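So the structure is just underneath, and the comments pick up after that.
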Amino acid sequence: RDPEMSRGLGDVYKRQYYYLVAGLPELTLEDSKLSYTVADFKTEIYPGISSSDQKLIDLFYLKFDNANVLKLLEDKEAAIDLRGNFSAEELIEYIGVIKEGGEVHPKDFPSYISAFISDYFNTPAESAVLHEDHLAALYYEYAMKCGNKFIASWFEFNLTINNILVAFTARKYKWDVAQNIVGDTEVCEALRTSGARDFGLSGEVDCLEQLVKISEITELVEREKKLDSLRWDWIEEATFFNYFTIERIFAFLLQLEMIERWISLDKEKGNQLFRSIIDTLKDEVQIPAEFR
């Protein structure tokens with residue numbers, strides 16, 4: 001386990017966020033826009049959780065930092081996504097320090113991003129796609145060592161489904177499957193080495209049959225809708241017994257971002273997905289009367 005993330009992140013003791021969860025806004029549709037956003041979550045909810053649980057929430061927002069780092073390495077004047085954990089000034093400073101051979105303390109900056117930036121400056125030039133893949137591999141590995149079972153499993157689940165879909169696509173177009181797989185898990189190894197039709201994963205990956213069907217969908221919007229439905233169902237099942245814990249808060253954030261992304265990509269289709277997701281929320285766990 002990464003030492004910078006291990007302290008206080010175990011599953012033995014669970015803080016109960018009764019008032020915070022009870023106060024989470026109900027997801028409603030207003031003028032085809034969300035009344036609450038991922039950015040709002042960071043400013044309004046984040047300060048109300050413990051420092052160790054904040055580190056877990058940071059893992060979600062690090063994906064925006066990943067994209068920002070890639071942009072700033074190419075152009076330090078690039079506009080960044082403000083939802084990340086670090087400002088453009090901070091990232092540019094860290095990039096400069098690492099470029100000159102210095103070290104950034106883990107407390108201030110995630111170790112995997114430091115490692116990526118160092119690799120970026122110390123290896124032969126590669127395409128942006130390969131840089132992105134390398135950073136993604138480091139990110140997933142880092143997140144899966146967070147010490148929280150649900151959150152680590154979430155990242156592993158996404159790594160698995162992304163790799164399986166890439167493997168099916170690579171095989172279809174006769175690309176080198178192994179070179180397109182990201183990460184270092186047993187599933188990753190099977191995808192890189194197996195010549196079997198199912199890559200030897202039947203019985204190992206519960207959603208494999210669903211992924212096979214999704215991989216055959218050619219219409220991209222429909223494909224993404226199916227993937228998000230798969231992710232949504234996974235979240236609901238994985239947090240079924242987590243009522244007022246950080247897992248429930250993290251799950252809310254994941255679902256909020258999912259809806260927000262759809263509405264921003266395609267208003268009409270996003271609204272349809274939003275309404276279908278709202279329907280599933282009607283079966284949400286009831287909050288005890290004393291906390292309403």
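Here, A, B, ... name the chains of the structure tokens in the order displayed, residue numbers run from 1 inside each chain, and ligands are numbered from 1 in the same displayed order.
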Counting only C-alpha atoms, what are the residues of segment 215-251 of chain A within 12 Å of segment 164-179 of chain A, and for each of them which pair of atoms is the nearest and at what distance in Å, to one decimal? Sort the table by chain and rising number, as JSON lines.
{"residue": "A:Ser215", "atom": "CA", "partner": "A:Leu165", "partner_atom": "CA", "distance": 6.0}
{"residue": "A:Glu216", "atom": "CA", "partner": "A:Phe168", "partner_atom": "CA", "distance": 9.1}
{"residue": "A:Ile217", "atom": "CA", "partner": "A:Leu165", "partner_atom": "CA", "distance": 11.1}
{"residue": "A:Thr218", "atom": "CA", "partner": "A:Thr169", "partner_atom": "CA", "distance": 11.2}
{"residue": "A:Arg223", "atom": "CA", "partner": "A:Leu165", "partner_atom": "CA", "distance": 10.9}
{"residue": "A:Glu224", "atom": "CA", "partner": "A:Leu165", "partner_atom": "CA", "distance": 11.7}
{"residue": "A:Leu227", "atom": "CA", "partner": "A:Leu165", "partner_atom": "CA", "distance": 10.3}
Determine, counting only C-alpha atoms, which protein, DNA and RNA residues have an atom within 12 Å of an atom of Tyr94 of chain A; residues of the same chain fewer than 5 positions away are not included. Present the result as a PyMOL selection string. chain A and resi 69+72-73+76+86-89+99-106+108-111+113-118
Keeping only C-alpha atoms, write the selected residues as a PDB file, in the first residue's frame.
ATOM      1  CA  VAL A  69      -1.111  17.673 -16.355  1.00  0.00           C
ATOM      2  CA  LEU A  72       0.202  21.694 -19.283  1.00  0.00           C
ATOM      3  CA  LEU A  73       3.052  19.446 -20.355  1.00  0.00           C
ATOM      4  CA  LYS A  76       1.828  25.719 -19.967  1.00  0.00           C
ATOM      5  CA  PHE A  86      -4.505  21.498  -7.990  1.00  0.00           C
ATOM      6  CA  SER A  87      -4.420  24.914  -9.614  1.00  0.00           C
ATOM      7  CA  ALA A  88      -2.593  25.569 -12.885  1.00  0.00           C
ATOM      8  CA  GLU A  89       0.065  27.481 -10.940  1.00  0.00           C
ATOM      9  CA  LYS A  99      11.824  18.556 -14.847  1.00  0.00           C
ATOM     10  CA  GLU A 100      14.897  19.927 -13.126  1.00  0.00           C
ATOM     11  CA  GLY A 101      15.410  16.666 -11.264  1.00  0.00           C
ATOM     12  CA  GLY A 102      13.929  17.803  -7.960  1.00  0.00           C
ATOM     13  CA  GLU A 103      11.441  15.927  -5.816  1.00  0.00           C
ATOM     14  CA  VAL A 104       7.932  16.878  -4.763  1.00  0.00           C
ATOM     15  CA  HIS A 105       6.948  15.644  -1.315  1.00  0.00           C
ATOM     16  CA  PRO A 106       4.146  13.032  -1.471  1.00  0.00           C
ATOM     17  CA  ASP A 108       1.889  17.826  -1.516  1.00  0.00           C
ATOM     18  CA  PHE A 109       1.539  15.856  -4.720  1.00  0.00           C
ATOM     19  CA  PRO A 110       0.428  12.308  -5.631  1.00  0.00           C
ATOM     20  CA  SER A 111       3.406  10.037  -6.160  1.00  0.00           C
ATOM     21  CA  ILE A 113       1.789  11.963 -11.072  1.00  0.00           C
ATOM     22  CA  SER A 114       5.362  12.761 -10.010  1.00  0.00           C
ATOM     23  CA  ALA A 115       6.474   9.424 -11.484  1.00  0.00           C
ATOM     24  CA  PHE A 116       4.602  10.125 -14.723  1.00  0.00           C
ATOM     25  CA  ILE A 117       6.081  13.609 -15.151  1.00  0.00           C
ATOM     26  CA  SER A 118       9.559  12.219 -14.508  1.00  0.00           C
TER      27      SER A 118
END
Residues at most 10 Å from Arg248 of chain A, counting only C-alpha atoms, excluding those fewer than 3 positions away in the same chain, as a list in words? Tyr17, Val21, Phe150, Ile235, Glu236, Ala238, Thr239, Phe240, Phe241, Asn242, Tyr243, Phe244, Thr245, Ala251, Phe252, Leu253 and Leu254 of chain A
Please give the complete set of residues from segment 83-215 of chain A that DSSP, run on the backbone, assigns to helix (DSSP H, G or I), formatted as a PyMOL selection string. chain A and resi 88-99+111-122+128-143+149-172+178-180+186-193+208-215
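In this model, the gap between atom CA of Ile259 of chain A and atom CA of Glu222 of chain A comes to 14.9 Å.
The residue set within 10 Å of Trp154 of chain A, counting only C-alpha atoms and dropping same-chain residues fewer than 3 places from it, reads A:Tyr140, A:Ala143, A:Met144, A:Asn148, A:Lys149, A:Phe150, A:Ile151, A:Phe157, A:Asn158, A:Leu159, A:Thr160, A:Arg231, A:Trp234, A:Ile235, A:Ala238, A:Ala251, A:Leu254.
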With N, CA, C and O atoms retained, export the selected residues as a PDB file, in the first residue's frame.
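Done, and the output landed in again.pdb:
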ATOM      1  N   TYR A 140      -4.738   4.210 -11.965  1.00  0.00           N
ATOM      2  CA  TYR A 140      -5.522   3.070 -11.484  1.00  0.00           C
ATOM      3  C   TYR A 140      -4.754   2.303 -10.405  1.00  0.00           C
ATOM      4  O   TYR A 140      -5.327   1.897  -9.390  1.00  0.00           O
ATOM      5  N   ALA A 143      -4.897   4.326  -7.164  1.00  0.00           N
ATOM      6  CA  ALA A 143      -6.222   4.346  -6.552  1.00  0.00           C
ATOM      7  C   ALA A 143      -6.599   2.993  -5.954  1.00  0.00           C
ATOM      8  O   ALA A 143      -7.263   2.931  -4.917  1.00  0.00           O
ATOM      9  N   MET A 144      -6.173   1.917  -6.578  1.00  0.00           N
ATOM     10  CA  MET A 144      -6.524   0.587  -6.087  1.00  0.00           C
ATOM     11  C   MET A 144      -5.782   0.224  -4.809  1.00  0.00           C
ATOM     12  O   MET A 144      -6.093  -0.777  -4.170  1.00  0.00           O
ATOM     13  N   ASN A 148      -9.526   1.437   0.880  1.00  0.00           N
ATOM     14  CA  ASN A 148     -10.980   1.364   1.043  1.00  0.00           C
ATOM     15  C   ASN A 148     -11.510   0.350   0.032  1.00  0.00           C
ATOM     16  O   ASN A 148     -11.320   0.515  -1.176  1.00  0.00           O
ATOM     17  N   LYS A 149     -12.170  -0.667   0.519  1.00  0.00           N
ATOM     18  CA  LYS A 149     -12.590  -1.784  -0.330  1.00  0.00           C
ATOM     19  C   LYS A 149     -13.484  -1.337  -1.483  1.00  0.00           C
ATOM     20  O   LYS A 149     -13.277  -1.727  -2.640  1.00  0.00           O
ATOM     21  N   PHE A 150     -14.498  -0.547  -1.186  1.00  0.00           N
ATOM     22  CA  PHE A 150     -15.424  -0.122  -2.231  1.00  0.00           C
ATOM     23  C   PHE A 150     -14.732   0.729  -3.290  1.00  0.00           C
ATOM     24  O   PHE A 150     -14.878   0.494  -4.500  1.00  0.00           O
ATOM     25  N   ILE A 151     -13.987   1.723  -2.854  1.00  0.00           N
ATOM     26  CA  ILE A 151     -13.361   2.650  -3.797  1.00  0.00           C
ATOM     27  C   ILE A 151     -12.282   1.953  -4.624  1.00  0.00           C
ATOM     28  O   ILE A 151     -12.174   2.156  -5.842  1.00  0.00           O
ATOM     29  N   PHE A 157     -12.823  -2.193 -11.174  1.00  0.00           N
ATOM     30  CA  PHE A 157     -13.949  -2.506 -12.054  1.00  0.00           C
ATOM     31  C   PHE A 157     -13.849  -1.716 -13.357  1.00  0.00           C
ATOM     32  O   PHE A 157     -14.010  -2.264 -14.461  1.00  0.00           O
ATOM     33  N   ASN A 158     -13.570  -0.430 -13.253  1.00  0.00           N
ATOM     34  CA  ASN A 158     -13.452   0.409 -14.447  1.00  0.00           C
ATOM     35  C   ASN A 158     -12.249   0.033 -15.293  1.00  0.00           C
ATOM     36  O   ASN A 158     -12.315   0.032 -16.523  1.00  0.00           O
ATOM     37  N   LEU A 159     -11.149  -0.284 -14.627  1.00  0.00           N
ATOM     38  CA  LEU A 159      -9.968  -0.745 -15.350  1.00  0.00           C
ATOM     39  C   LEU A 159     -10.303  -2.009 -16.139  1.00  0.00           C
ATOM     40  O   LEU A 159      -9.927  -2.151 -17.307  1.00  0.00           O
ATOM     41  N   THR A 160     -11.028  -2.911 -15.499  1.00  0.00           N
ATOM     42  CA  THR A 160     -11.397  -4.177 -16.125  1.00  0.00           C
ATOM     43  C   THR A 160     -12.291  -3.981 -17.341  1.00  0.00           C
ATOM     44  O   THR A 160     -12.019  -4.510 -18.424  1.00  0.00           O
ATOM     45  N   ARG A 231     -22.252   0.596 -15.025  1.00  0.00           N
ATOM     46  CA  ARG A 231     -21.534   1.215 -13.899  1.00  0.00           C
ATOM     47  C   ARG A 231     -22.503   1.594 -12.786  1.00  0.00           C
ATOM     48  O   ARG A 231     -22.219   1.397 -11.602  1.00  0.00           O
ATOM     49  N   TRP A 234     -23.571  -1.386 -10.834  1.00  0.00           N
ATOM     50  CA  TRP A 234     -22.464  -1.860  -9.994  1.00  0.00           C
ATOM     51  C   TRP A 234     -22.374  -1.021  -8.722  1.00  0.00           C
ATOM     52  O   TRP A 234     -22.208  -1.550  -7.621  1.00  0.00           O
ATOM     53  N   ILE A 235     -22.477   0.285  -8.861  1.00  0.00           N
ATOM     54  CA  ILE A 235     -22.410   1.191  -7.715  1.00  0.00           C
ATOM     55  C   ILE A 235     -23.531   0.892  -6.724  1.00  0.00           C
ATOM     56  O   ILE A 235     -23.306   0.805  -5.510  1.00  0.00           O
ATOM     57  N   ALA A 238     -22.833  -2.414  -4.961  1.00  0.00           N
ATOM     58  CA  ALA A 238     -21.650  -2.384  -4.101  1.00  0.00           C
ATOM     59  C   ALA A 238     -21.850  -1.543  -2.842  1.00  0.00           C
ATOM     60  O   ALA A 238     -21.160  -1.748  -1.841  1.00  0.00           O
ATOM     61  N   ALA A 251     -20.199   7.327  -3.778  1.00  0.00           N
ATOM     62  CA  ALA A 251     -21.124   6.815  -4.787  1.00  0.00           C
ATOM     63  C   ALA A 251     -22.013   7.940  -5.324  1.00  0.00           C
ATOM     64  O   ALA A 251     -22.269   8.025  -6.528  1.00  0.00           O
ATOM     65  N   LEU A 254     -20.002   9.912  -7.785  1.00  0.00           N
ATOM     66  CA  LEU A 254     -19.851   9.198  -9.054  1.00  0.00           C
ATOM     67  C   LEU A 254     -21.113   9.313  -9.902  1.00  0.00           C
ATOM     68  O   LEU A 254     -21.055   9.568 -11.114  1.00  0.00           O
TER      69      LEU A 254
END
